[in-house]
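As stored in upload-v4.tsv (TSV, C-alpha atoms and all ligand atoms):
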chain	number	residue	atom	x	y	z
I	255	MET	CA	112.11	25.07	61.51
I	256	ALA	CA	113.31	28.27	63.22
I	257	ALA	CA	111.60	31.46	62.03
I	258	LEU	CA	113.46	33.12	59.20
I	259	PRO	CA	114.36	36.82	59.11
I	260	ILE	CA	111.72	38.71	57.13
I	261	LEU	CA	112.58	40.79	54.05
I	262	TYR	CA	109.99	43.26	52.79
I	263	SER	CA	110.88	43.71	49.16
I	264	PHE	CA	109.67	45.06	45.83
I	265	ARG	CA	110.88	43.24	42.77
I	266	ARG	CA	111.90	46.21	40.59
I	267	CYS	CA	113.21	48.52	43.34
I	268	PRO	CA	116.97	49.01	42.86
I	269	TYR	CA	117.54	49.23	46.61
I	270	ALA	CA	115.69	45.94	47.13
I	271	ILE	CA	117.58	44.34	44.24
I	272	ARG	CA	120.94	45.16	45.83
I	273	ALA	CA	119.75	43.68	49.13
I	274	ARG	CA	118.54	40.49	47.41
I	275	LEU	CA	121.86	40.21	45.50
I	276	ALA	CA	123.79	40.31	48.78
I	277	LEU	CA	121.45	37.86	50.54
I	278	SER	CA	121.66	35.49	47.61
I	279	HIS	CA	125.45	35.76	47.30
I	280	ALA	CA	125.82	35.23	51.05
I	281	GLY	CA	123.41	32.29	51.01
I	282	VAL	CA	121.43	33.83	53.87
I	283	ALA	CA	117.80	32.69	53.77
I	284	VAL	CA	114.93	35.04	54.53
I	285	ALA	CA	111.16	34.94	54.29
I	286	LEU	CA	110.49	37.33	51.41
I	287	ARG	CA	107.35	39.48	51.53
I	288	GLU	CA	106.69	41.13	48.18
I	289	VAL	CA	105.07	44.51	48.82
I	290	ASP	CA	102.59	46.48	46.74
I	291	LEU	CA	103.96	50.00	47.32
I	292	LYS	CA	100.48	51.46	46.77
I	293	ARG	CA	99.00	49.24	49.48
I	294	LYS	CA	101.74	48.77	52.06
I	295	PRO	CA	100.90	46.11	54.62
I	296	ALA	CA	100.22	47.14	58.21
I	297	GLU	CA	102.93	44.69	59.33
I	298	LEU	CA	105.54	46.71	57.39
I	299	LEU	CA	104.22	50.06	58.64
I	300	ALA	CA	104.33	48.74	62.21
I	301	VAL	CA	108.08	48.02	62.07
I	302	SER	CA	109.06	50.92	59.78
I	303	PRO	CA	106.67	53.88	59.65
I	304	ARG	CA	108.48	55.36	56.59
I	305	ALA	CA	107.90	51.98	54.98
I	306	THR	CA	110.43	52.22	52.20
I	307	VAL	CA	111.68	48.91	50.86
I	308	PRO	CA	113.76	46.94	51.49
I	309	VAL	CA	113.23	46.37	55.22
I	310	LEU	CA	114.73	43.43	57.06
I	311	VAL	CA	113.47	42.15	60.42
I	312	THR	CA	116.06	39.84	61.96
I	313	GLU	CA	115.29	36.71	64.01
I	314	THR	CA	115.89	38.79	67.15
I	315	GLY	CA	113.53	41.57	66.04
I	316	ASP	CA	116.12	44.14	64.92
I	317	VAL	CA	114.80	46.25	62.04
I	318	LEU	CA	117.12	47.33	59.21
I	319	THR	CA	115.58	49.99	56.98
I	320	GLN	CA	118.57	50.82	54.76
I	321	SER	CA	119.57	48.62	51.85
I	322	LEU	CA	123.32	49.04	52.47
I	323	ASP	CA	122.84	47.92	56.08
I	324	ILE	CA	120.95	44.84	54.87
I	325	MET	CA	123.76	44.04	52.42
I	326	HIS	CA	126.35	44.33	55.18
I	327	TRP	CA	124.22	42.28	57.62
I	328	ALA	CA	123.99	39.48	55.05
I	329	LEU	CA	127.63	39.56	53.97
I	330	VAL	CA	129.16	39.40	57.45
I	331	GLN	CA	127.33	36.09	57.90
I	332	ALA	CA	128.58	34.62	54.65
I	333	SER	CA	131.24	31.92	54.72
I	334	ASN	CA	132.76	33.59	51.65
I	335	THR	CA	133.91	37.05	52.69
I	336	ASP	CA	134.99	38.01	49.17
I	337	TRP	CA	132.40	40.77	48.57
I	338	LEU	CA	133.39	42.56	51.77
I	339	GLN	CA	137.16	42.09	51.47
I	340	ARG	CA	137.35	43.15	47.85
I	341	GLY	CA	135.10	46.15	48.49
I	342	ASP	CA	137.26	47.64	51.20
I	343	GLY	CA	138.61	50.53	49.11
I	344	ALA	CA	137.85	54.25	49.18
I	345	THR	CA	136.92	54.25	45.47
I	346	THR	CA	134.12	51.77	46.05
I	347	ARG	CA	132.67	53.78	48.93
I	348	GLN	CA	132.92	57.03	46.95
I	349	LEU	CA	131.11	55.49	43.97
I	350	VAL	CA	128.33	54.06	46.14
I	351	ASN	CA	127.93	57.45	47.84
I	352	ALA	CA	127.78	59.17	44.45
I	353	ASN	CA	125.26	56.60	43.27
I	354	ASP	CA	122.94	57.03	46.26
I	355	GLY	CA	123.34	60.80	46.27
I	356	ASP	CA	123.78	62.88	43.12
I	357	PHE	CA	123.34	60.09	40.60
I	358	LYS	CA	119.97	58.99	42.02
I	359	HIS	CA	118.86	62.63	41.99
I	360	TRP	CA	119.69	63.06	38.29
I	361	LEU	CA	118.53	59.58	37.34
I	362	ASP	CA	115.02	60.34	38.65
I	363	ARG	CA	114.93	63.48	36.49
I	364	TYR	CA	116.31	61.67	33.44
I	365	LYS	CA	113.67	58.93	33.87
I	366	TYR	CA	110.78	61.35	34.38
I	367	PRO	CA	111.66	64.61	32.56
I	368	GLU	CA	107.97	65.51	32.30
I	369	ARG	CA	107.92	65.94	36.09
I	370	HIS	CA	110.94	68.26	35.91
I	371	PRO	CA	110.35	70.46	32.84
I	372	ASP	CA	112.83	73.18	33.81
I	373	ARG	CA	115.66	71.37	31.98
I	374	ALA	CA	115.92	69.13	28.92
I	375	GLN	CA	116.13	65.36	29.43
I	376	ALA	CA	119.63	65.26	27.89
I	377	ALA	CA	120.83	67.80	30.48
I	378	TYR	CA	119.76	65.45	33.28
I	379	ARG	CA	121.51	62.58	31.53
I	380	ASP	CA	124.72	64.63	31.23
I	381	GLU	CA	124.65	65.35	34.97
I	382	ALA	CA	124.19	61.64	35.75
I	383	VAL	CA	127.08	60.73	33.45
I	384	ARG	CA	129.36	63.28	35.10
I	385	CYS	CA	128.67	62.20	38.67
I	386	LEU	CA	128.69	58.41	38.26
I	387	ILE	CA	129.14	56.91	34.79
I	388	GLU	CA	132.48	58.62	34.04
I	389	PRO	CA	134.12	57.78	37.40
I	390	LEU	CA	132.64	54.27	37.23
I	391	GLU	CA	134.17	53.77	33.77
I	392	ALA	CA	137.57	54.90	35.08
I	393	ALA	CA	137.33	52.47	38.01
I	394	LEU	CA	136.16	49.54	35.88
I	395	LEU	CA	138.80	50.03	33.16
I	396	ALA	CA	141.45	48.52	35.43
I	397	SER	CA	139.89	45.12	36.09
I	398	GLY	CA	136.23	45.04	35.05
I	399	HIS	CA	135.00	45.01	38.68
I	400	LEU	CA	134.99	47.55	41.47
I	401	GLY	CA	136.28	44.73	43.64
I	402	GLY	CA	139.45	44.26	41.59
I	403	GLY	CA	139.90	40.53	40.97
I	404	GLY	CA	136.16	39.92	41.18
I	405	PRO	CA	132.91	41.63	42.13
I	406	CYS	CA	132.31	43.18	45.55
I	407	TRP	CA	129.35	44.63	47.42
I	408	GLY	CA	129.91	47.95	45.65
I	409	ASP	CA	129.36	46.43	42.20
I	410	ALA	CA	126.09	44.92	43.44
I	411	ALA	CA	125.05	48.17	45.11
I	412	VAL	CA	125.54	50.32	42.01
I	413	PHE	CA	124.50	47.91	39.26
I	414	PRO	CA	120.68	48.11	39.75
I	415	PHE	CA	120.79	51.90	39.32
I	416	VAL	CA	123.02	51.80	36.22
I	417	ARG	CA	120.58	49.20	34.86
I	418	GLN	CA	117.78	51.77	35.18
I	419	PHE	CA	119.94	54.50	33.64
I	420	ALA	CA	120.83	52.36	30.61
I	421	ALA	CA	117.22	51.28	30.10
I	422	VAL	CA	115.88	54.83	29.73
I	423	ASP	CA	117.27	54.95	26.18
I	424	ALA	CA	118.82	51.59	25.29
I	425	ALA	CA	119.84	52.68	21.77
I	426	TRP	CA	121.70	55.70	23.14
I	427	TRP	CA	123.37	53.55	25.83
I	428	ALA	CA	124.50	50.98	23.26
I	429	GLN	CA	126.44	53.59	21.27
I	430	ALA	CA	127.83	55.48	24.28
I	431	PRO	CA	131.62	55.53	24.83
I	432	TRP	CA	131.96	53.51	28.05
I	433	PRO	CA	132.99	49.96	27.05
I	434	ALA	CA	134.06	48.89	30.54
I	435	THR	CA	130.76	49.97	32.10
I	436	GLN	CA	128.71	48.55	29.22
I	437	GLY	CA	130.50	45.18	29.51
I	438	TRP	CA	130.15	45.20	33.30
I	439	LEU	CA	126.42	45.94	33.06
I	440	THR	CA	125.89	43.16	30.50
I	441	ARG	CA	127.72	40.64	32.70
I	442	TRP	CA	125.54	41.54	35.69
I	443	LEU	CA	122.34	41.41	33.62
I	444	ASP	CA	123.31	37.99	32.25
I	445	SER	CA	124.38	36.57	35.62
I	446	ALA	CA	122.64	33.67	37.31
I	447	LEU	CA	122.70	35.68	40.54
I	448	PHE	CA	120.64	38.48	39.02
I	449	ALA	CA	118.22	36.04	37.40
I	450	ALA	CA	117.65	34.36	40.78
I	451	CYS	CA	117.02	37.76	42.38
I	452	MET	CA	114.41	38.76	39.80
I	453	HIS	CA	112.14	35.77	40.31
I	454	LYS	CA	108.51	36.95	40.45
I	455	TYR	CA	106.71	36.35	43.73
I	456	PRO	CA	103.06	37.13	44.38
I	457	VAL	CA	102.31	40.09	46.64
I	458	TRP	CA	102.44	38.93	50.27
I	459	GLN	CA	99.19	38.68	52.21
I	460	PRO	CA	98.90	38.18	55.99
I	461	GLY	CA	98.45	34.49	56.63
I	462	ASP	CA	100.64	33.42	53.71
I	463	GLY	CA	103.27	30.81	54.54
I	464	PRO	CA	106.93	31.93	54.44
I	465	GLN	CA	108.29	32.43	50.90
I	466	ARG	CA	111.89	31.31	51.26
I	467	PHE	CA	114.52	33.45	49.48
I	468	PRO	CA	116.88	32.61	47.88
I	469	GLY	CA	114.62	29.93	46.49
S	501	LIG	N1	117.56	54.70	51.60
S	501	LIG	C1	116.64	53.60	51.35
S	501	LIG	C2	115.79	53.97	50.14
S	501	LIG	C3	114.77	52.91	49.77
S	501	LIG	C4	113.71	53.46	48.82
S	501	LIG	O1	113.60	54.69	48.61
S	501	LIG	N2	112.90	52.56	48.25
S	501	LIG	C5	111.77	52.99	47.44
S	501	LIG	C6	111.40	52.01	46.35
S	501	LIG	S1	112.65	51.87	45.11
S	501	LIG	C7	110.55	53.10	48.33
S	501	LIG	O2	110.30	52.23	49.13
S	501	LIG	N3	109.82	54.19	48.22
S	501	LIG	C8	108.67	54.40	49.10
S	501	LIG	C9	107.43	54.53	48.42
S	501	LIG	O3	107.40	54.38	47.19
S	501	LIG	O4	106.43	54.76	49.11
S	501	LIG	C10	117.44	52.32	51.18
S	501	LIG	O5	118.64	52.39	50.86
S	501	LIG	O6	116.90	51.23	51.39
Write out the structure in this file as structure tokens.
Ligand SMILES: N[C@@H](CCC(=O)N[C@@H](CS)C(=O)NCC(=O)O)C(=O)O
Amino acid sequence: MAALPILYSFRRCPYAIRARLALSHAGVAVALREVDLKRKPAELLAVSPRATVPVLVTETGDVLTQSLDIMHWALVQASNTDWLQRGDGATTRQLVNANDGDFKHWLDRYKYPERHPDRAQAAYRDEAVRCLIEPLEAALLASGHLGGGGPCWGDAAVFPFVRQFAAVDAAWWAQAPWPATQGWLTRWLDSALFAACMHKYPVWQPGDGPQRFPG
């Protein structure tokens, strides 16, 4: 069997989740190496000194250190080009940029207000709502997906972060006034694709055989 591309991953990391969603949707197999972020393996540090996850090492030795690049790398190889074609709009790109920029900034403060005591937790939540949840709701109201007739890479890129946002205070999220986003999040959480991506793998050790993903 030819060597598989290697994916360094961390189960709960939203960037790694979006990469695994794209790999799984594309049906592109990799050897998954689950990383303990407190004890990063030397093999990961050797290919990516910053050693954030996910990192993908292709069969030819190219190293991709950005989750959106890994998504794109996987999706261009897929026989079904739906996630790329449907995600070709400016709104999708703007929402992903907002997610990875301002929303992530405020999400971190909303999740860990004790580390950022200069403002109240609800103020951080309001900022996050303004920069992503409200525009996401407007985009999803039309068809229930950023991709229009079905999901696209943008839905998969944003969903793991909205999942974290909603989980900070599930009771508050349940009564919040964004039915399109709430329904969209529930559909992603209940999807077989997400379940397959959240399978628990033991932390990778040098010498382990390849852990094929998707399984
Ligand atoms: N821009 C990167 C960000 C990846 C990232 O920040 N991942 C976090 C985990 S969620 C990480 O690896 N942090 C490094 C660390 O905790 O040492 C991407 O899109 O892949």
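Residue nearest Pro460 of chain I, chosen from I:Ala446, I:Val317, I:Leu298, I:Leu329 and counting only C-alpha atoms: I:Leu298.
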Hey, could you make a per-residue contact list for segment 348-388 of chain I against segment 393-408 of chain I with 10 Å as the cut-off, showing the nearest pair of atoms and its distance in Å to one decimal, counting all atoms listed in the file, sorted by chain and number, as JSON lines?
{"residue": "I:Gln348", "atom": "CA", "partner": "I:Gly408", "partner_atom": "CA", "distance": 9.7}
{"residue": "I:Leu349", "atom": "CA", "partner": "I:Gly408", "partner_atom": "CA", "distance": 7.8}
{"residue": "I:Val350", "atom": "CA", "partner": "I:Gly408", "partner_atom": "CA", "distance": 6.3}
{"residue": "I:Asn351", "atom": "CA", "partner": "I:Gly408", "partner_atom": "CA", "distance": 9.9}
{"residue": "I:Ile387", "atom": "CA", "partner": "I:Ala393", "partner_atom": "CA", "distance": 9.9}
{"residue": "I:Glu388", "atom": "CA", "partner": "I:Ala393", "partner_atom": "CA", "distance": 8.8}
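Taking atom C7 of ligand LIG 501 (chain S) and atom CA of Phe467 of chain I as endpoints, the distance between them is 20.1 Å.
A distance search around ligand LIG 501 (chain S) (6 Å at most, only C-alpha atoms and all ligand atoms) returns the following protein and nucleic acid residues: Cys267, Pro268, Tyr269, Leu291, Thr306, Val307, Pro308, Thr319, Gln320, Ser321 and Leu322 of chain I.
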Can you pull out every residue within 8 Å of Ile271 of chain I, counting all atoms listed in the file, but drop anything in the same chain fewer than 4 positions away, and send it as a VMD selection string? chain I and resid 265 to 267 275 414 451 to 452
Which residue of I:Ala434, I:Ala344, I:Ala410, I:Ala257 approaches Arg274 of chain I most closely, using all atoms listed in the file: I:Ala410
Atom CA of His279 of chain I to atom CA of Thr435 of chain I, straight-line distance in Å: 21.5 Å
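Distance-wise, atom CA of Ala273 of chain I and atom CA of Trp427 of chain I end up 25.6 Å apart.
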Got a sec: who's within 7 Å of segment 375-382 of chain I, counting all atoms listed in the file, leaving out chain neighbours fewer than 5 positions off, as a PyMOL selection string? chain I and resi 357+360-361+363-364+367+387
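Counting all atoms listed in the file, the residue from I:Ala425, I:Val457, I:Leu286, I:Ala420 that sits nearest to Leu443 of chain I is I:Ala420.
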Skip Phe413 of chain I itself and residues of its chain fewer than 3 positions away, then list as JSON, numbers by chain all residues within 8 Å of it, counting only C-alpha atoms. {"I": [272, 409, 410, 416, 417, 439, 442]}
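The closest residue to Ala332 of chain I, picked from I:Trp432, I:Val282, I:Asp462, I:Asp316 and counting all atoms listed in the file, is I:Val282.
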Nearest to Ala283 of chain I among I:Pro431, I:Phe264, I:Gln331, I:Leu318, with distances taken over only C-alpha atoms: which residue is it? I:Gln331
Report as number ranges by chain all protein, DNA and RNA residues lying within 10 Å of Gly469 of chain I, evaluated on all atoms listed in the file, omitting residues in the same chain fewer than 3 positions from it. I: 278, 283-286, 450-451, 453, 465-466
Using all atoms listed in the file, which residue out of I:Gly343, I:Gly355, I:Gly281, I:Pro371 lies closest to Leu386 of chain I? I:Gly355
